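Chemist: So here's entry.txt, just compact mmCIF, C-alpha atoms and all ligand atoms:
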# COMPACT_ATOMS: atom_id res chain seq x y z
CA MET H 1 64.88 59.10 185.26
CA SER H 2 62.23 56.33 185.19
CA GLN H 3 61.09 54.33 188.23
CA GLN H 4 62.90 51.30 186.80
CA ALA H 5 66.41 52.78 186.80
CA LEU H 6 69.14 50.51 188.13
CA ARG H 7 70.37 52.16 191.32
CA VAL H 8 74.13 51.70 191.74
CA MET H 9 76.09 52.81 194.79
CA VAL H 10 79.80 53.13 193.95
CA THR H 11 82.22 53.43 196.86
CA GLY H 12 85.50 55.15 196.03
CA GLY H 13 83.95 56.79 192.97
CA SER H 14 86.28 59.78 193.17
CA GLY H 15 89.37 57.61 192.69
CA PHE H 16 91.01 56.40 189.50
CA ILE H 17 88.93 53.29 188.71
CA GLY H 18 85.80 54.40 190.58
CA SER H 19 85.58 57.58 188.50
CA ALA H 20 85.94 55.53 185.29
CA VAL H 21 83.10 53.32 186.55
CA CYS H 22 80.90 56.36 187.29
CA ARG H 23 81.65 57.87 183.85
CA HIS H 24 80.88 54.53 182.19
CA LEU H 25 77.60 54.06 184.11
CA ALA H 26 76.58 57.62 183.30
CA GLY H 27 76.84 56.70 179.62
CA GLN H 28 74.31 53.86 180.00
CA ASN H 29 70.54 54.20 179.85
CA ASN H 30 68.57 54.33 183.04
CA VAL H 31 71.22 54.05 185.72
CA ALA H 32 71.13 56.17 188.89
CA ILE H 33 74.57 56.54 190.49
CA LEU H 34 75.50 57.38 194.05
CA ASN H 35 79.21 57.95 194.64
CA TYR H 36 80.17 57.46 198.31
CA ASP H 37 83.75 58.59 198.92
CA LYS H 38 85.78 59.92 201.86
CA LEU H 39 87.89 62.12 199.57
CA THR H 40 91.28 61.01 200.85
CA TYR H 41 94.54 62.29 199.34
CA ALA H 42 93.93 59.88 196.42
CA ALA H 43 90.58 61.35 195.39
CA ALA H 44 90.24 63.72 192.45
CA PRO H 45 86.69 65.12 192.32
CA ALA H 46 87.62 66.88 189.07
CA SER H 47 87.57 63.45 187.41
CA LEU H 48 83.77 63.61 187.69
CA ALA H 49 83.25 67.29 186.87
CA MET H 50 81.30 66.25 183.75
CA LEU H 51 78.63 64.55 185.93
CA GLU H 52 77.98 67.45 188.29
CA GLY H 53 74.43 68.76 188.09
CA ARG H 54 73.03 65.63 186.43
CA SER H 55 69.85 64.27 188.00
CA ASP H 56 71.14 60.68 187.73
CA TYR H 57 74.33 61.33 189.74
CA ARG H 58 74.75 62.06 193.45
CA PHE H 59 77.81 62.40 195.65
CA VAL H 60 77.97 61.73 199.39
CA ARG H 61 81.17 62.35 201.29
CA GLY H 62 81.68 59.58 203.83
CA ASP H 63 83.96 56.90 205.21
CA VAL H 64 83.22 53.24 204.44
CA ALA H 65 84.27 52.42 208.01
CA ASP H 66 81.60 54.76 209.45
CA ALA H 67 78.72 52.34 210.10
CA ASP H 68 76.09 55.01 210.81
CA ALA H 69 76.91 57.04 207.72
CA VAL H 70 77.03 53.97 205.46
CA SER H 71 73.68 52.65 206.77
CA ALA H 72 72.00 56.04 206.47
CA THR H 73 73.24 56.42 202.89
CA ILE H 74 72.04 52.96 201.90
CA ARG H 75 68.65 53.48 203.57
CA ASP H 76 68.22 56.74 201.71
CA PHE H 77 69.47 55.62 198.26
CA ARG H 78 68.13 52.02 198.28
CA PRO H 79 70.73 50.58 195.87
CA ASP H 80 70.10 47.57 193.64
CA THR H 81 73.83 47.11 193.36
CA ILE H 82 76.78 48.15 195.49
CA MET H 83 80.12 48.33 193.69
CA HIS H 84 82.71 48.51 196.46
CA LEU H 85 85.93 50.09 195.20
CA ALA H 86 86.90 52.38 198.10
CA ALA H 87 90.30 51.35 199.39
CA GLU H 88 93.79 52.46 200.17
CA SER H 89 95.41 51.32 196.93
CA HIS H 90 99.13 52.14 196.87
CA VAL H 91 101.51 49.30 197.77
CA ASP H 92 104.39 51.65 198.64
CA ARG H 93 102.25 53.60 201.15
CA SER H 94 101.15 50.30 202.74
CA ILE H 95 104.78 49.49 203.53
CA THR H 96 105.33 52.63 205.61
CA GLY H 97 101.77 53.16 206.87
CA PRO H 98 99.74 49.94 206.99
CA GLY H 99 97.19 51.19 209.56
CA ASP H 100 94.96 53.00 207.07
CA PHE H 101 94.95 49.87 204.88
CA ILE H 102 93.69 47.72 207.75
CA GLN H 103 91.06 50.29 208.70
CA THR H 104 89.66 51.08 205.26
CA ASN H 105 90.24 47.85 203.36
CA ILE H 106 89.34 45.35 206.10
CA VAL H 107 87.19 47.18 208.67
CA GLY H 108 85.59 49.31 205.94
CA THR H 109 84.63 46.22 203.92
CA TYR H 110 83.18 44.58 207.04
CA VAL H 111 81.05 47.70 207.67
CA MET H 112 79.87 47.75 204.04
CA LEU H 113 78.93 44.06 204.24
CA GLN H 114 76.90 44.47 207.43
CA ALA H 115 75.03 47.46 206.02
CA ALA H 116 74.44 45.67 202.69
CA LEU H 117 73.14 42.59 204.55
CA GLU H 118 70.68 44.65 206.59
CA HIS H 119 69.46 46.35 203.39
CA TRP H 120 69.17 43.08 201.42
CA ARG H 121 67.25 41.38 204.21
CA GLY H 122 64.69 44.18 204.05
CA LEU H 123 64.09 43.68 200.30
CA ALA H 124 61.46 41.37 198.82
CA GLY H 125 60.66 39.71 195.50
CA GLU H 126 62.45 40.91 192.35
CA ALA H 127 64.31 43.65 194.26
CA LYS H 128 65.82 41.01 196.57
CA ASN H 129 66.69 38.74 193.62
CA ARG H 130 68.50 41.40 191.68
CA PHE H 131 70.55 42.89 194.53
CA ARG H 132 74.33 42.39 194.21
CA PHE H 133 77.31 43.32 196.37
CA HIS H 134 80.28 43.53 193.98
CA HIS H 135 83.68 43.66 195.64
CA ILE H 136 86.49 45.03 193.47
CA SER H 137 89.81 43.41 194.28
CA THR H 138 93.26 42.85 192.89
CA ASP H 139 95.42 40.12 191.37
CA GLU H 140 98.00 40.88 194.10
CA VAL H 141 96.05 38.59 196.46
CA PHE H 142 97.44 35.63 194.48
CA GLY H 143 101.07 36.51 195.29
CA SER H 144 103.92 36.51 192.82
CA LEU H 145 104.42 34.39 189.67
CA GLY H 146 107.65 32.96 188.29
CA PRO H 147 108.44 33.34 184.58
CA ASP H 148 105.52 31.11 183.51
CA GLY H 149 101.87 30.63 184.34
CA LEU H 150 98.84 32.85 184.87
CA PHE H 151 96.58 33.63 187.83
CA SER H 152 93.15 31.98 187.49
CA GLU H 153 90.11 32.25 189.75
CA THR H 154 91.24 29.09 191.58
CA THR H 155 94.85 30.16 192.24
CA PRO H 156 95.43 29.92 196.02
CA TYR H 157 95.76 33.19 197.89
CA ASP H 158 99.32 34.20 198.87
CA PRO H 159 99.36 37.96 199.58
CA ARG H 160 102.78 39.36 200.39
CA SER H 161 102.44 43.12 201.08
CA PRO H 162 100.34 44.90 203.70
CA TYR H 163 98.18 46.19 200.82
CA SER H 164 97.59 42.79 199.24
CA ALA H 165 97.06 41.15 202.64
CA SER H 166 94.39 43.73 203.46
CA LYS H 167 92.68 43.14 200.10
CA ALA H 168 92.88 39.34 200.56
CA SER H 169 91.28 39.75 204.02
CA SER H 170 88.46 41.77 202.52
CA ASP H 171 87.92 39.18 199.75
CA HIS H 172 87.59 36.47 202.41
CA LEU H 173 85.10 38.55 204.37
CA VAL H 174 82.99 39.12 201.25
CA ARG H 175 82.90 35.39 200.41
CA ALA H 176 82.08 34.55 204.04
CA TRP H 177 79.09 36.94 203.99
CA GLY H 178 77.94 35.23 200.79
CA HIS H 179 78.41 31.71 202.12
CA THR H 180 77.17 32.22 205.68
CA TYR H 181 74.39 34.79 205.30
CA GLY H 182 73.42 34.26 201.65
CA LEU H 183 74.28 37.84 200.63
CA PRO H 184 74.52 37.82 196.80
CA VAL H 185 78.19 38.72 196.38
CA VAL H 186 80.50 38.74 193.35
CA VAL H 187 84.25 39.38 193.49
CA SER H 188 86.56 40.53 190.72
CA ASN H 189 90.36 40.49 190.78
CA CYS H 190 92.10 42.75 188.32
CA SER H 191 95.64 43.40 187.10
CA ASN H 192 97.35 46.80 186.87
CA ASN H 193 95.15 49.52 185.42
CA TYR H 194 96.37 52.53 183.47
CA GLY H 195 94.70 55.38 181.60
CA PRO H 196 93.41 58.91 182.16
CA TYR H 197 92.79 60.39 185.65
CA HIS H 198 95.45 58.16 187.31
CA PHE H 199 96.91 59.68 190.49
CA PRO H 200 100.61 60.45 189.83
CA GLU H 201 102.02 58.23 192.56
CA LYS H 202 101.67 55.07 190.40
CA LEU H 203 104.33 54.08 187.88
CA ILE H 204 102.83 55.25 184.58
CA PRO H 205 101.57 58.73 185.55
CA LEU H 206 104.57 59.37 187.83
CA VAL H 207 107.07 58.56 185.09
CA THR H 208 105.07 60.48 182.47
CA LEU H 209 105.04 63.67 184.54
CA ASN H 210 108.65 63.34 185.73
CA ALA H 211 109.77 62.80 182.13
CA LEU H 212 107.76 65.81 181.00
CA GLU H 213 109.46 67.92 183.68
CA GLY H 214 112.96 66.51 182.95
CA LYS H 215 113.21 64.84 186.38
CA PRO H 216 114.77 61.43 187.19
CA LEU H 217 112.60 58.40 186.38
CA PRO H 218 112.85 56.02 189.35
CA VAL H 219 112.94 52.35 188.34
CA TYR H 220 112.90 49.96 191.30
CA GLY H 221 115.61 47.27 191.30
CA GLN H 222 116.58 46.26 187.78
CA GLY H 223 113.22 47.14 186.22
CA ASP H 224 112.61 43.49 185.37
CA ASN H 225 109.41 43.02 187.41
CA VAL H 226 106.46 42.26 185.16
CA ARG H 227 102.96 43.75 185.35
CA ASP H 228 99.95 42.89 183.14
CA TRP H 229 98.41 46.19 182.03
CA LEU H 230 94.71 46.85 181.47
CA HIS H 231 93.16 50.08 180.24
CA VAL H 232 90.89 51.48 182.95
CA GLU H 233 87.96 51.91 180.54
CA ASP H 234 88.15 48.22 179.60
CA HIS H 235 88.10 47.50 183.34
CA ALA H 236 85.07 49.74 183.87
CA ARG H 237 83.15 47.84 181.15
CA ALA H 238 84.15 44.54 182.77
CA LEU H 239 82.99 45.74 186.19
CA HIS H 240 79.62 46.84 184.81
CA LEU H 241 79.14 43.37 183.26
CA ILE H 242 80.21 41.56 186.43
CA ALA H 243 78.00 43.71 188.68
CA THR H 244 74.93 43.16 186.53
CA ARG H 245 75.45 39.66 185.06
CA GLY H 246 77.96 37.98 187.36
CA VAL H 247 76.73 34.87 189.17
CA PRO H 248 76.43 35.29 192.96
CA GLY H 249 79.20 33.47 194.78
CA GLU H 250 81.51 33.56 191.75
CA SER H 251 84.68 35.52 191.15
CA TYR H 252 86.08 36.82 187.87
CA ASN H 253 89.65 37.70 186.92
CA VAL H 254 90.12 40.77 184.74
CA GLY H 255 93.27 41.38 182.72
CA GLY H 256 94.40 42.63 179.34
CA ARG H 257 97.11 40.11 178.35
CA ASN H 258 99.64 42.94 178.18
CA GLU H 259 102.66 41.75 180.13
CA ARG H 260 105.59 44.19 180.17
CA THR H 261 108.65 44.65 182.35
CA ASN H 262 108.69 47.95 184.21
CA LEU H 263 111.75 49.01 182.23
CA GLN H 264 109.91 48.36 178.93
CA VAL H 265 107.01 50.52 180.15
CA VAL H 266 109.29 53.37 181.22
CA GLU H 267 111.33 53.29 178.01
CA THR H 268 108.16 53.33 175.90
CA ILE H 269 106.83 56.39 177.77
CA CYS H 270 110.19 58.11 177.14
CA ASP H 271 110.03 57.39 173.41
CA ILE H 272 106.40 58.54 173.10
CA LEU H 273 107.19 61.81 174.88
CA ASP H 274 110.32 62.42 172.81
CA GLU H 275 108.06 62.20 169.77
CA LEU H 276 105.00 64.09 171.06
CA ARG H 277 106.80 66.75 173.12
CA PRO H 278 110.48 66.89 172.04
CA ALA H 279 112.79 68.65 174.50
CA PRO H 280 115.87 70.09 172.76
CA GLY H 281 119.07 68.38 173.95
CA LEU H 282 117.15 65.85 176.08
CA ARG H 283 116.69 62.15 175.38
CA ARG H 284 114.14 61.02 178.02
CA ARG H 285 115.67 57.54 178.36
CA ASP H 286 118.73 59.27 179.88
CA LEU H 287 116.54 60.25 182.86
CA ILE H 288 116.02 56.59 183.85
CA THR H 289 117.51 56.02 187.31
CA PHE H 290 117.70 52.60 188.94
CA VAL H 291 116.85 52.98 192.65
CA ALA H 292 116.58 50.73 195.70
CA ASP H 293 114.04 47.99 195.18
CA ARG H 294 110.57 47.97 196.80
CA PRO H 295 110.76 45.77 199.94
CA GLY H 296 109.12 42.41 199.17
CA HIS H 297 108.63 43.42 195.50
CA ASP H 298 106.44 40.85 193.70
CA ALA H 299 108.22 39.62 190.55
CA ARG H 300 105.39 39.04 188.11
CA TYR H 301 101.62 39.28 187.81
CA ALA H 302 99.65 37.91 184.84
CA ILE H 303 95.93 37.24 184.56
CA ASP H 304 93.96 34.56 182.75
CA ALA H 305 90.66 36.31 181.92
CA THR H 306 89.14 33.34 180.04
CA LYS H 307 86.20 32.95 182.44
CA LEU H 308 85.11 36.58 182.05
CA GLU H 309 85.55 36.36 178.28
CA THR H 310 83.67 33.10 177.77
CA GLU H 311 80.94 33.40 180.43
CA LEU H 312 80.15 37.11 180.26
CA GLY H 313 81.41 37.95 176.76
CA TRP H 314 83.91 40.63 177.80
CA LYS H 315 86.92 41.46 175.66
CA ALA H 316 89.58 44.13 176.15
CA GLU H 317 89.27 46.73 173.39
CA GLU H 318 92.51 48.67 173.94
CA THR H 319 95.97 47.31 173.17
CA PHE H 320 98.74 48.48 175.47
CA ASP H 321 100.60 50.24 172.65
CA THR H 322 97.63 52.34 171.56
CA GLY H 323 96.38 52.80 175.12
CA LEU H 324 99.70 53.99 176.49
CA ARG H 325 100.12 56.50 173.69
CA LYS H 326 96.61 57.89 174.28
CA THR H 327 97.33 58.05 178.01
CA VAL H 328 100.55 60.05 177.55
CA GLN H 329 98.68 62.37 175.18
CA TRP H 330 95.91 62.75 177.80
CA TYR H 331 98.46 63.94 180.39
CA LEU H 332 99.87 66.41 177.87
CA ASP H 333 96.35 67.76 177.26
CA ASN H 334 95.16 67.83 180.89
CA GLU H 335 97.65 69.72 183.01
CA ALA H 336 94.74 71.48 184.77
CA TRP H 337 93.69 68.07 186.14
CA TRP H 338 97.08 66.88 187.36
CA SER H 339 98.86 70.05 188.46
CA PRO H 340 96.89 70.39 191.78
CA LEU H 341 97.63 66.72 192.54
CA ARG H 342 101.30 67.19 191.71
CA ALA H 343 101.34 70.18 194.09
CA ARG H 344 99.94 67.87 196.81
CA TYR H 345 102.38 65.03 196.06
CA ALA H 346 105.45 65.91 193.97
CA GLY H 347 106.71 62.36 193.44
CA GLN H 348 109.14 61.81 196.31
CA ARG H 349 110.13 58.18 196.96
CA LEU H 350 107.62 56.23 199.04
CA GLY H 351 107.73 52.79 200.61
CA LEU H 352 111.25 52.33 201.90
CA LYS H 353 111.45 50.51 205.23
CA SER H 354 113.53 52.20 207.90
CA ALA H 355 116.56 50.10 208.85
P1 LIG N 401 92.45 55.10 194.21
O1 LIG N 401 93.46 55.14 195.31
O2 LIG N 401 92.70 55.85 192.95
O3 LIG N 401 91.03 55.60 194.75
C1 LIG N 401 90.51 55.15 195.97
C2 LIG N 401 89.28 56.01 196.29
O4 LIG N 401 88.72 55.49 197.50
C3 LIG N 401 89.61 57.48 196.53
O5 LIG N 401 88.68 58.30 195.88
C4 LIG N 401 89.50 57.63 198.03
O6 LIG N 401 89.10 58.92 198.47
C5 LIG N 401 88.47 56.57 198.37
N1 LIG N 401 88.59 56.10 199.76
C6 LIG N 401 89.74 55.70 200.38
N2 LIG N 401 89.48 55.38 201.66
C7 LIG N 401 88.15 55.55 201.84
C8 LIG N 401 87.27 55.37 202.94
N3 LIG N 401 87.73 54.96 204.13
N4 LIG N 401 85.96 55.61 202.76
C9 LIG N 401 85.49 56.03 201.56
N5 LIG N 401 86.27 56.27 200.49
C10 LIG N 401 87.59 56.01 200.63
O7 LIG N 401 92.21 53.56 193.91
P2 LIG N 401 91.98 52.84 192.51
O8 LIG N 401 93.29 52.60 191.86
O9 LIG N 401 90.91 53.53 191.78
O10 LIG N 401 91.45 51.41 193.02
C11 LIG N 401 90.07 51.20 193.25
C12 LIG N 401 89.86 49.79 193.72
O11 LIG N 401 90.33 48.86 192.74
C13 LIG N 401 90.61 49.43 195.01
O12 LIG N 401 89.78 48.61 195.80
C14 LIG N 401 91.83 48.69 194.53
O13 LIG N 401 92.27 47.78 195.51
C15 LIG N 401 91.29 47.98 193.32
N6 LIG N 401 92.25 47.68 192.24
C16 LIG N 401 93.05 48.66 191.73
C17 LIG N 401 93.91 48.37 190.65
C18 LIG N 401 94.78 49.43 190.02
O14 LIG N 401 95.60 49.09 189.16
N7 LIG N 401 94.65 50.70 190.37
C19 LIG N 401 93.96 47.07 190.14
C20 LIG N 401 93.15 46.09 190.73
C21 LIG N 401 92.29 46.40 191.76
O1 LIG N 402 98.14 44.46 190.22
C1 LIG N 402 97.12 45.32 190.63
C2 LIG N 402 97.68 46.42 191.50
O2 LIG N 402 98.38 47.30 190.64
C3 LIG N 402 96.59 47.17 192.27
O3 LIG N 402 95.97 46.29 193.17
C4 LIG N 402 97.20 48.36 193.03
O4 LIG N 402 96.18 49.09 193.67
C5 LIG N 402 97.92 49.24 192.02
O5 LIG N 402 98.54 50.32 192.69
C6 LIG N 402 98.96 48.44 191.26
O6 LIG N 402 100.02 48.01 192.14
P1 LIG N 402 101.57 48.06 191.69
O7 LIG N 402 102.40 48.07 192.91
O8 LIG N 402 101.85 47.02 190.67
O9 LIG N 402 101.58 49.49 190.94
P2 LIG N 402 102.66 50.67 190.93
O10 LIG N 402 102.26 51.61 189.84
O11 LIG N 402 102.90 51.22 192.28
O12 LIG N 402 103.99 49.93 190.45
C7 LIG N 402 104.04 49.24 189.22
C8 LIG N 402 105.41 48.61 189.11
O13 LIG N 402 106.40 49.65 188.94
C9 LIG N 402 105.83 47.85 190.38
O14 LIG N 402 106.58 46.71 189.99
C10 LIG N 402 106.73 48.84 191.13
C11 LIG N 402 107.35 49.66 190.00
N1 LIG N 402 107.65 51.08 190.29
C12 LIG N 402 106.67 51.84 190.84
C13 LIG N 402 106.89 53.18 191.09
C14 LIG N 402 105.81 54.04 191.73
C15 LIG N 402 108.88 51.61 189.93
O15 LIG N 402 109.76 50.91 189.40
N2 LIG N 402 109.08 52.95 190.17
C16 LIG N 402 108.15 53.76 190.74
O16 LIG N 402 108.43 54.95 190.98
Take the structure from the file and write it as structure tokens.
Modeler:
Amino acid sequence: MSQQALRVMVTGGSGFIGSAVCRHLAGQNNVAILNYDKLTYAAAPASLAMLEGRSDYRFVRGDVADADAVSATIRDFRPDTIMHLAAESHVDRSITGPGDFIQTNIVGTYVMLQAALEHWRGLAGEAKNRFRFHHISTDEVFGSLGPDGLFSETTPYDPRSPYSASKASSDHLVRAWGHTYGLPVVVSNCSNNYGPYHFPEKLIPLVTLNALEGKPLPVYGQGDNVRDWLHVEDHARALHLIATRGVPGESYNVGGRNERTNLQVVETICDILDELRPAPGLRRRDLITFVADRPGHDARYAIDATKLETELGWKAEETFDTGLRKTVQWYLDNEAWWSPLRARYAGQRLGLKSA
């Protein structure tokens, strides 16, 4: 590793998107990575097994809300860039247990900002100029769309779940630290990710594994809610671009222009599995079960990624049809990765309010 390596601290690097970011950065020349992660239930260290032992990758177990641990890690690693992904990420869990979302997503982001500010103030010259704090956020901060229209970077915030409200709060804190203290911040807001190493509490991996095991496939409400799907490796490339070339103070929407209803997604997974892993006497679509809706369920998300495409030259490389097929195949090929997670969380319904 040369003296000139770009030093990137990734928080939440053991999660779904953070691990894709670490794998992507590890494939670039001259990048030193530090993954700072608390290893909550959502972490899967096995997603980064291929980086263990490399001189350009380090892991520190820690909580983003632990100010002493965060400051000590930053002092020791001296990052050029902090990519802040660590968060509680599951909407259903935020409905029944919002406290962790407030603590990690809001307080944790505040702690990261204070530590980043102290570090940045101590830099000089080119090191100070090139420092970035990149906050990774969600399209859910913009609320819910009707049948038409897309979220742009100027769409007003209208978060409607404890999860999205906590992410919106953190976005506001990040922009305030940029505006008030001059910290060079960039924010990105992304639509639903899918792909390999996705914890099987989210729709696509949950339905894939339930269908594989012949279990009911829970579809909330009528299955007509729309999500805009983006392959996680396309997202990781976008994040790398935004972290290194994004303009301080700006935000960038990331999305794949792949709108589907939930029912379309679930039916497609069923058809792919029937083809790739036929089960005699079973048609997977017959496992689809309509269940009570998610409280406050947002109807539709859809992203306009024009700014990222035109200003930074990003383009999604994966179509949803090819990406979903590869993802289902990945789960078929990687039972050793998901079976310990399935043992920890077997797919029981989350997120129903008590009466
Ligand atoms: P994830 O739940 O898969 O992973 C989160 C990671 O953060 C885990 O490794 C966990 O151990 C770690 N973590 C949680 N609390 C922590 C704490 N207090 N201190 C340190 N580490 C902690 O999440 P994900 O789906 O990879 O999402 C990553 C980020 O991207 C989040 O900020 C999320 O809001 C955002 N995002 C996700 C999506 C998506 O579709 N998954 C879309 C847009 C934005
Ligand atoms: O839009 C970006 C967001 O996408 C991220 O910020 C979140 O971190 C991420 O979890 C994701 O949120 P969603 O709530 O959209 O994802 P989830 O996979 O939980 O649900 C996708 C859709 O499928 C949603 O409309 C609810 C529905 N659903 C979900 C589950 C788990 C079902 O119908 N059945 C299910 O069992």
Chemist: What separation in Å, quoted to one decimal, exists between atom CA of H:Glu259 and atom C2 of ligand LIG 402 (chain N)?
Modeler: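 Interatomic distance, atom CA of H:Glu259 to atom C2 of ligand LIG 402 (chain N): 13.3 Å.
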Chemist: Provide an axis-aligned box for all listed atoms of stretch 208-215 of chain H, padding each side by 6 Å; report its centre and its edge lengths in Å to one decimal, as lines of an AutoDock Vina configuration file.
Modeler:
center_x = 109.1
center_y = 64.2
center_z = 183.7
size_x = 20.2
size_y = 19.4
size_z = 17.4
Chemist: For H:Ala86, work out the shell of residues within 9 Å, counting only C-alpha atoms and skipping chain neighbours fewer than 4 positions away, then give it as a list in words.
Modeler: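 Here the answer would be Val10, Thr11, Gly12, Gly13, Ser14, Gly15, Gly18, Tyr36, Asp37, Lys38, Asp63, Val64, Thr104, Asn105, Gly108, Thr109 and Ile136 of chain H.
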Chemist: Take atom C6 of ligand LIG 402 (chain N) and atom CA of H:Cys22 and report the distance between them in Å, one decimal.
Modeler: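 We find that atom C6 of ligand LIG 402 (chain N) and atom CA of H:Cys22 lie 20.1 Å from each other.
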Chemist: Please find the residues contacting ligand LIG 402 (chain N) at a distance of at most 6 Å between atoms, with only C-alpha atoms and all ligand atoms counted, and report them as a CSV table (one decimal) with C-alpha atoms, in the coordinates of the input.
Modeler:
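Writing the result to out-v5.csv gives the following:
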chain,number,residue,atom,x,y,z
H,89,SER,CA,95.4,51.3,196.9
H,90,HIS,CA,99.1,52.1,196.9
H,91,VAL,CA,101.5,49.3,197.8
H,138,THR,CA,93.3,42.8,192.9
H,139,ASP,CA,95.4,40.1,191.4
H,140,GLU,CA,98.0,40.9,194.1
H,191,SER,CA,95.6,43.4,187.1
H,192,ASN,CA,97.4,46.8,186.9
H,201,GLU,CA,102.0,58.2,192.6
H,202,LYS,CA,101.7,55.1,190.4
H,203,LEU,CA,104.3,54.1,187.9
H,218,PRO,CA,112.8,56.0,189.4
H,219,VAL,CA,112.9,52.4,188.3
H,220,TYR,CA,112.9,50.0,191.3
H,225,ASN,CA,109.4,43.0,187.4
H,262,ASN,CA,108.7,48.0,184.2
Chemist: Would you mind telling me which residue in H:Ala65, H:Leu263, H:Val187, H:Cys270 lies nearest to H:Pro248 when using only C-alpha atoms?
Modeler: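 So, comparing all the options, the nearest one is H:Val187.
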Chemist: How many Å lie between atom CA of H:Thr73 and atom CA of H:Ala127, rounded to one decimal?
Modeler: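 Computed distance, atom CA of H:Thr73 to atom CA of H:Ala127, equals 17.8 Å.
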Chemist: Which residues, written as a ChimeraX atom specification, have at least one atom at most 12 Å from stretch 54-56 of chain H, with all atoms listed in the file counted and residues fewer than 6 positions away on the same chain left out?
Modeler: /H:1-3,5-9,22-23,25-35,48,77
